[in-house]
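Shown next: structure-v8.txt, containing compact mmCIF, C-alpha atoms.
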```txt
# COMPACT_ATOMS: atom_id res chain seq x y z
CA MET A 1 0.00 0.00 0.00
CA THR A 2 1.37 3.47 -0.83
CA ASP A 3 1.79 6.26 1.72
CA VAL A 4 -1.10 8.19 0.19
CA GLU A 5 -3.41 5.17 0.50
CA LEU A 6 -2.32 4.67 4.11
CA ILE A 7 -3.08 8.32 4.88
CA GLN A 8 -6.49 8.12 3.23
CA ASN A 9 -7.32 4.97 5.20
CA SER A 10 -6.12 6.63 8.42
CA LEU A 11 -8.35 9.61 7.69
CA SER A 12 -11.33 7.30 7.42
CA GLY A 13 -10.55 6.00 10.93
CA ASN A 14 -8.47 2.93 10.11
CA ASP A 15 -6.00 2.66 13.03
CA ALA A 16 -4.12 -0.22 11.44
CA ALA A 17 -3.23 2.01 8.51
CA PHE A 18 -1.73 4.65 10.80
CA ARG A 19 0.17 1.97 12.68
CA GLU A 20 1.64 0.89 9.38
CA ILE A 21 2.84 4.46 8.82
CA ILE A 22 4.56 4.38 12.23
CA ASP A 23 6.23 1.06 11.46
CA ARG A 24 7.35 2.36 8.11
CA TYR A 25 8.85 5.63 9.37
CA GLU A 26 9.98 4.83 12.92
CA ALA A 27 13.59 4.35 11.76
CA LYS A 28 13.66 7.65 9.91
CA VAL A 29 12.20 9.61 12.82
CA ALA A 30 14.44 7.81 15.34
CA ALA A 31 17.53 8.65 13.30
CA THR A 32 16.67 12.34 13.42
CA VAL A 33 15.59 12.53 17.05
CA VAL A 34 18.36 10.37 18.52
CA SER A 35 21.01 12.21 16.50
CA MET A 36 19.76 15.48 17.97
CA LEU A 37 18.97 14.48 21.55
CA GLY A 38 21.04 11.37 22.15
CA ASN A 39 19.67 8.12 23.50
CA CYS A 40 17.52 9.42 26.34
CA PRO A 41 13.91 8.96 27.53
CA GLU A 42 12.98 12.33 25.99
CA ALA A 43 13.95 11.01 22.56
CA ASP A 44 11.20 8.39 22.79
CA ASP A 45 8.66 11.04 23.86
CA VAL A 46 9.64 13.35 21.01
CA GLY A 47 9.33 10.41 18.60
CA GLN A 48 5.80 9.67 19.81
CA GLU A 49 4.89 13.34 19.71
CA THR A 50 6.07 13.50 16.08
CA PHE A 51 3.56 10.86 15.03
CA ILE A 52 0.80 12.33 17.23
CA ARG A 53 1.29 15.76 15.63
CA PHE A 54 1.15 14.15 12.23
CA TYR A 55 -2.02 12.23 13.16
CA LYS A 56 -3.71 15.45 14.28
CA ASN A 57 -2.72 17.17 11.03
CA LEU A 58 -3.39 14.32 8.64
CA LYS A 59 -5.94 16.44 6.79
CA ASN A 60 -3.36 19.17 6.20
CA PHE A 61 -0.80 16.87 4.56
CA ARG A 62 -0.90 17.91 0.92
CA GLY A 63 1.88 15.67 -0.30
CA GLU A 64 4.08 18.55 -1.51
CA SER A 65 7.06 16.76 0.01
CA SER A 66 7.49 13.06 0.66
CA LEU A 67 6.04 11.69 3.89
CA GLY A 68 9.57 10.89 5.13
CA THR A 69 10.71 14.49 4.64
CA TYR A 70 7.50 15.81 6.24
CA LEU A 71 7.96 13.61 9.33
CA THR A 72 11.67 14.49 9.51
CA ARG A 73 10.69 18.16 9.55
CA ILE A 74 8.25 17.64 12.44
CA ALA A 75 10.81 15.50 14.31
CA MET A 76 13.54 18.12 13.80
CA ASN A 77 11.32 20.98 15.00
CA LEU A 78 10.27 19.04 18.10
CA SER A 79 13.89 18.08 18.82
CA LEU A 80 14.94 21.72 18.58
CA ASN A 81 12.10 22.64 20.97
CA GLU A 82 13.33 19.98 23.39
CA LEU A 83 16.89 21.36 23.19
CA LYS A 84 15.53 24.87 23.89
CA ARG A 85 13.58 23.50 26.85
CA ARG A 86 16.71 21.83 28.21
CA LYS A 87 18.62 25.06 27.81
CA ARG A 88 15.88 27.03 29.62
CA GLN A 89 16.01 24.55 32.46
CA ASN A 90 19.80 24.55 32.32
CA ARG A 91 19.56 20.83 31.99
CA ILE A 92 22.18 19.63 29.58
CA ILE A 93 22.48 15.89 29.35
CA PRO A 94 26.21 15.34 29.16
CA LEU A 95 27.37 12.72 26.77
CA ASP A 96 30.41 10.83 27.94
CA ASP A 97 33.52 12.95 27.79
CA PRO A 98 35.67 11.47 25.06
CA GLY A 99 38.68 12.61 27.04
CA ILE A 100 38.15 9.47 29.04
CA SER A 101 37.17 7.12 26.29
CA HIS A 102 39.95 8.12 23.88
CA GLN A 103 42.52 7.02 26.43
CA ILE A 104 41.14 3.54 26.42
CA ILE A 105 40.95 3.12 22.67
CA ASP A 106 42.31 -0.30 21.94
CA HIS A 107 43.35 -0.25 18.32
CA ASP A 108 43.36 -4.03 18.15
CA SER A 109 39.83 -4.49 19.35
CA GLY A 110 36.46 -4.06 17.68
CA ASN A 111 35.65 -1.31 20.16
CA GLU A 112 37.77 1.18 18.25
CA LYS A 113 35.01 2.03 15.79
CA ARG A 114 32.49 2.49 18.59
CA ASP A 115 34.85 4.77 20.47
CA ARG A 116 35.43 6.90 17.38
CA HIS A 117 31.69 7.19 16.95
CA GLU A 118 31.36 8.25 20.56
CA ILE A 119 33.89 11.02 20.05
CA VAL A 120 32.16 12.29 16.92
CA GLN A 121 28.72 12.04 18.56
CA TRP A 122 30.02 13.97 21.55
CA ALA A 123 31.57 16.63 19.30
CA ILE A 124 28.32 17.09 17.36
CA ALA A 125 26.41 17.49 20.63
CA GLN A 126 28.72 20.38 21.56
CA LEU A 127 27.50 22.43 18.61
CA THR A 128 24.68 24.95 19.00
CA PRO A 129 21.28 23.49 17.97
CA LYS A 130 21.10 25.39 14.68
CA PHE A 131 24.49 24.07 13.55
CA GLN A 132 23.75 20.64 14.98
CA SER A 133 20.49 20.33 13.06
CA THR A 134 22.12 21.37 9.78
CA LEU A 135 25.03 18.99 10.23
CA VAL A 136 22.85 16.06 11.29
CA LEU A 137 20.62 16.36 8.24
CA ARG A 138 23.37 17.03 5.73
CA MET A 139 26.22 14.84 6.94
CA MET A 140 24.63 12.12 9.04
CA LYS A 141 21.33 11.61 7.30
CA GLY A 142 22.69 12.36 3.86
CA TYR A 143 20.09 14.87 2.73
CA SER A 144 21.19 17.21 -0.05
CA THR A 145 21.74 20.88 0.74
CA GLU A 146 18.41 21.73 -0.92
CA GLU A 147 16.52 19.05 1.03
CA THR A 148 18.15 20.23 4.27
CA ALA A 149 17.02 23.77 3.47
CA LYS A 150 13.49 22.56 2.83
CA ILE A 151 13.31 20.57 6.07
CA LEU A 152 14.68 23.45 8.15
CA ASN A 153 12.62 25.99 6.20
CA LEU A 154 15.72 28.05 5.46
CA PRO A 155 17.22 29.56 2.32
CA THR A 156 19.88 27.36 0.72
CA GLY A 157 22.49 30.09 1.26
CA THR A 158 21.84 30.04 5.01
CA VAL A 159 22.24 26.26 5.08
CA LEU A 160 25.54 26.54 3.21
CA SER A 161 26.92 29.15 5.60
CA ARG A 162 25.70 27.19 8.64
CA LEU A 163 27.37 24.06 7.28
CA ALA A 164 30.63 25.92 6.79
CA ARG A 165 30.55 27.31 10.33
CA ALA A 166 29.45 23.97 11.79
CA ARG A 167 32.33 22.20 10.06
CA GLY A 168 34.76 24.83 11.30
CA GLN A 169 33.52 24.42 14.88
CA LEU A 170 33.59 20.63 14.60
CA LEU A 171 37.20 20.68 13.39
CA LYS A 172 38.16 22.84 16.37
CA ILE A 173 36.35 20.57 18.84
CA LEU A 174 37.91 17.47 17.33
CA GLU A 175 41.42 18.90 17.11
CA PRO A 176 42.66 17.19 20.32
CA TYR A 177 41.25 13.84 19.17
CA LYS A 178 42.37 13.88 15.55
CA GLU A 179 44.79 11.01 16.07
CA HIS A 180 41.95 8.76 17.16
CA ILE A 181 39.53 9.49 14.35
CA MET B 1 38.15 39.63 1.64
CA ARG B 2 39.50 37.39 -1.12
CA GLU B 3 40.56 34.83 1.47
CA LYS B 4 37.05 34.81 2.96
CA ARG B 5 35.54 34.27 -0.49
CA LEU B 6 37.95 31.41 -1.18
CA HIS B 7 37.09 29.76 2.15
CA LYS B 8 33.41 30.05 1.29
CA LEU B 9 34.03 28.50 -2.12
CA LEU B 10 36.04 25.70 -0.56
CA HIS B 11 33.25 24.88 1.91
CA GLN B 12 30.64 25.06 -0.82
CA SER B 13 32.62 22.64 -2.96
CA PHE B 14 31.78 19.96 -0.39
CA ASP B 15 28.06 20.71 -0.50
CA ARG B 16 27.16 21.52 -4.05
CA GLU B 17 28.43 21.65 -7.61
CA LEU B 18 30.42 24.84 -8.14
CA THR B 19 30.01 26.95 -11.26
CA PRO B 20 32.84 26.45 -13.80
CA ALA B 21 34.16 29.93 -12.99
CA GLY B 22 34.04 29.25 -9.23
CA ARG B 23 35.77 25.90 -9.68
CA GLU B 24 38.53 27.48 -11.74
CA VAL B 25 39.12 30.22 -9.14
CA LEU B 26 39.26 27.62 -6.37
CA GLU B 27 41.61 25.29 -8.25
CA ARG B 28 43.98 28.13 -9.01
CA ALA B 29 43.92 29.29 -5.37
CA LEU B 30 44.55 25.72 -4.20
CA ARG B 31 47.60 25.47 -6.44
CA GLU B 32 48.97 28.71 -5.02
CA SER B 33 48.13 28.48 -1.32
CA GLY B 34 49.47 25.80 0.97
CA GLU B 35 47.21 27.03 3.77
CA LEU B 36 44.13 26.54 1.60
CA ARG B 37 45.29 23.06 0.63
CA GLU B 38 45.71 22.21 4.30
CA MET B 39 42.22 23.44 4.98
CA ARG B 40 40.88 21.38 2.10
CA ASP B 41 42.56 18.29 3.51
CA ARG B 42 41.05 18.92 6.93
CA LEU B 43 37.61 19.36 5.44
CA GLN B 44 38.15 16.26 3.36
CA SER B 45 39.02 14.27 6.45
CA LEU B 46 35.91 15.63 8.13
CA ALA B 47 33.79 14.59 5.17
CA GLU B 48 35.29 11.10 5.35
CA MET B 49 34.95 10.93 9.11
CA PRO B 50 33.08 7.92 10.46
CA PHE B 51 29.85 9.67 11.35
CA PRO B 52 27.88 7.44 13.68
CA ALA B 53 25.08 5.61 11.95
CA PRO B 54 21.92 7.17 13.36
CA SER B 55 19.91 4.91 15.63
CA ASN B 56 17.09 3.37 13.68
CA SER B 57 14.64 2.52 16.42
CA PHE B 58 13.19 3.76 19.65
CA LYS B 59 12.54 1.61 22.70
CA PRO B 60 10.65 -1.64 22.01
CA TRP B 61 6.92 -1.47 21.26
CA PHE B 62 7.21 2.10 20.05
CA ALA B 63 4.34 1.76 17.57
CA ASP B 64 2.06 0.20 20.22
CA ARG B 65 2.83 2.92 22.74
CA THR B 66 2.24 5.66 20.17
CA MET B 67 -1.06 4.11 19.05
CA ASN B 68 -2.18 3.87 22.70
CA ARG B 69 -1.49 7.56 23.20
CA ILE B 70 -3.38 8.40 20.01
CA ARG B 71 -6.34 6.28 21.14
CA GLN B 72 -6.33 7.95 24.57
CA LEU B 73 -6.26 11.38 22.95
CA SER B 74 -9.09 10.47 20.57
CA PHE B 75 -11.10 9.07 23.50
CA LYS B 76 -10.60 12.27 25.54
CA GLU B 77 -11.56 14.43 22.56
CA LYS B 78 -14.69 12.36 22.02
CA GLN B 79 -15.56 12.68 25.73
CA VAL B 80 -15.24 16.48 25.63
CA GLU B 81 -17.21 16.55 22.40
CA SER B 82 -20.03 14.43 23.84
CA LEU B 83 -20.05 16.59 27.00
CA PHE B 84 -20.54 19.72 24.90
CA ASN B 85 -23.08 17.96 22.75
CA GLY B 86 -25.03 17.11 25.94
CA ILE B 87 -24.77 20.53 27.58
CA PHE B 88 -25.32 22.71 24.54
CA PRO B 89 -28.94 21.65 23.72
CA GLY B 90 -29.86 22.16 27.41
CA PHE B 91 -28.43 25.67 27.39
CA ARG B 92 -30.14 26.36 24.09
CA ARG B 93 -33.55 25.53 25.60
CA ILE B 94 -32.91 27.82 28.59
CA ALA B 95 -31.73 30.62 26.29
CA LEU B 96 -34.83 30.25 24.09
CA VAL B 97 -37.21 30.37 27.10
CA ALA B 98 -35.36 33.39 28.56
CA GLY B 99 -35.48 35.18 25.21
CA PHE B 100 -39.18 34.48 24.86
CA ALA B 101 -39.85 35.76 28.42
CA LEU B 102 -37.88 38.94 27.68
CA VAL B 103 -39.89 39.59 24.53
CA LEU B 104 -43.15 39.10 26.52
CA ILE B 105 -42.03 41.52 29.26
CA LEU B 106 -40.90 44.13 26.72
CA GLY B 107 -44.16 43.75 24.81
CA PHE B 108 -46.24 44.07 27.95
CA ASN B 109 -44.32 47.13 29.18
CA LEU B 110 -44.58 48.83 25.82
CA SER B 111 -48.32 48.13 25.51
CA THR B 112 -49.08 49.51 29.01
CA SER B 113 -46.82 52.58 28.70
CA SER B 114 -48.31 55.91 27.64
CA GLN B 115 -45.12 56.94 25.80
CA PRO B 116 -43.46 53.87 24.29
CA ASN B 117 -39.68 54.07 24.72
CA ILE B 118 -36.81 51.79 25.65
CA ALA B 119 -36.63 52.89 29.31
CA ASP B 120 -40.30 52.16 29.83
CA ALA B 121 -40.05 48.89 27.97
CA LEU B 122 -37.19 47.78 30.25
CA GLY B 123 -39.10 49.00 33.31
CA PHE B 124 -36.67 51.77 34.28
CA THR B 125 -37.99 54.73 36.24
CA ARG B 126 -37.26 57.98 34.45
CA TYR B 127 -36.07 61.02 36.39
CA SER B 128 -36.12 64.59 35.23
CA MET B 129 -32.97 66.73 35.38
CA ALA B 130 -34.48 68.65 38.34
CA GLU B 131 -35.03 65.42 40.25
CA MET B 132 -31.52 64.25 39.46
CA ALA B 133 -30.11 67.58 40.71
CA ASP B 134 -32.05 67.32 43.96
CA PRO B 135 -29.69 65.73 46.52
CA ILE B 136 -32.50 64.00 48.43
CA THR B 137 -33.88 62.38 45.28
CA TYR B 138 -30.32 61.55 44.14
CA PHE B 139 -29.43 59.71 47.34
CA THR B 140 -32.68 57.82 47.50
CA LEU B 141 -32.39 56.56 43.95
CA GLU B 142 -32.40 52.83 43.87
```
What is this structure when it is put down as structure tokens?
Amino acid sequence: MTDVELIQNSLSGNDAAFREIIDRYEAKVAATVVSMLGNCPEADDVGQETFIRFYKNLKNFRGESSLGTYLTRIAMNLSLNELKRRKRQNRIIPLDDPGISHQIIDHDSGNEKRDRHEIVQWAIAQLTPKFQSTLVLRMMKGYSTEETAKILNLPTGTVLSRLARARGQLLKILEPYKEHI
Amino acid sequence: MREKRLHKLLHQSFDRELTPAGREVLERALRESGELREMRDRLQSLAEMPFPAPSNSFKPWFADRTMNRIRQLSFKEKQVESLFNGIFPGFRRIALVAGFALVLILGFNLSTSSQPNIADALGFTRYSMAEMADPITYFTLE
């Protein structure tokens, strides 16, 4: 069944059709939310809220962008709201300091790759939300610059300059760990 | 200024196809500047960096939990809707009866008044300016 058919069935009150949409797009939404917020209980809540928002606005989905892009946009906006909320409450969830983990990198073990990922994940989390969101979509999720601009509702030029600044910041943050990456 | 423009071009080369003119400018600058080449190499290493594969699932039973929340929300909305549907017709009846009674009172007042006007229709007592100016009348006004 196509996405459009699933949406039409959901609109006529078919819960199984909406469940199918969740099954189909859980991975996509999870990739966005977890990349932005890390693996925390709030990520699950934001994921659920993404689908609930979509359910409430099913009628407004006009299919101008693909369902995946539409859901990614909702997920990204909600993740940014969550980051703002954390900032307001001064509640930053610290990811593990790679300063500890890089010392225990064992180049002969299979853990090396995981440790590198931890360092990169930590470095991305140090960026401000606007740079983080741009970088996550463009470099981790592989969206094109134009798609990233569409999801973030920004001009392409702004996305390009944010990417440049985000990369610059990331290089600075990763400077002490460059031997391990 | 030129350096800034070259940095911008270099960054953009990782994100989109440059125009032929832009590419030529960048290539020439890269041939001439060791610093720019170093920057390109750093950006290249960043582009090739092992970005963590994004997690592709939430906690188990995510779809079930989301559907439960949606059902609960729908149930609550239906409850509120049915509450309003129950209350609204009751209020409508009361409003209709009150409106009808008001029309009857207005009609009666107007028909019994010698000079039909709004004050008489609403049953207000009218005072002349002299009465209003009289302190005794003023303080005994209800």
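Distances to chain A were evaluated for B:Thr19, B:Arg28, B:Leu36, B:Phe58 using all atoms listed in the file, and the minimum falls at B:Phe58.
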### Message
Distance cut-off 9 Å, counting all atoms listed in the file - which residues of chain B neighbour chain A? Return them as a count of residues only.
### Response
30
### Query
How many Å separate atom CA of A:Thr158 from atom CA of A:Tyr70?
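For atom CA of A:Thr158 relative to atom CA of A:Tyr70, the distance reads 20.2 Å.
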### Query
Do you have the atom CA of A:Ser79-atom CA of A:Lys130 distance handy?
11.1 Å
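The coordinates place atom CA of B:Leu18 at 16.3 Å from atom CA of B:Lys4.
Excluding B:Ile118 itself and same-chain residues fewer than 4 positions from it, the residues having an atom within 10 Å of it are Leu106, Asn109, Leu110, Leu122, Gly123 and Phe124 of chain B, counting only C-alpha atoms.
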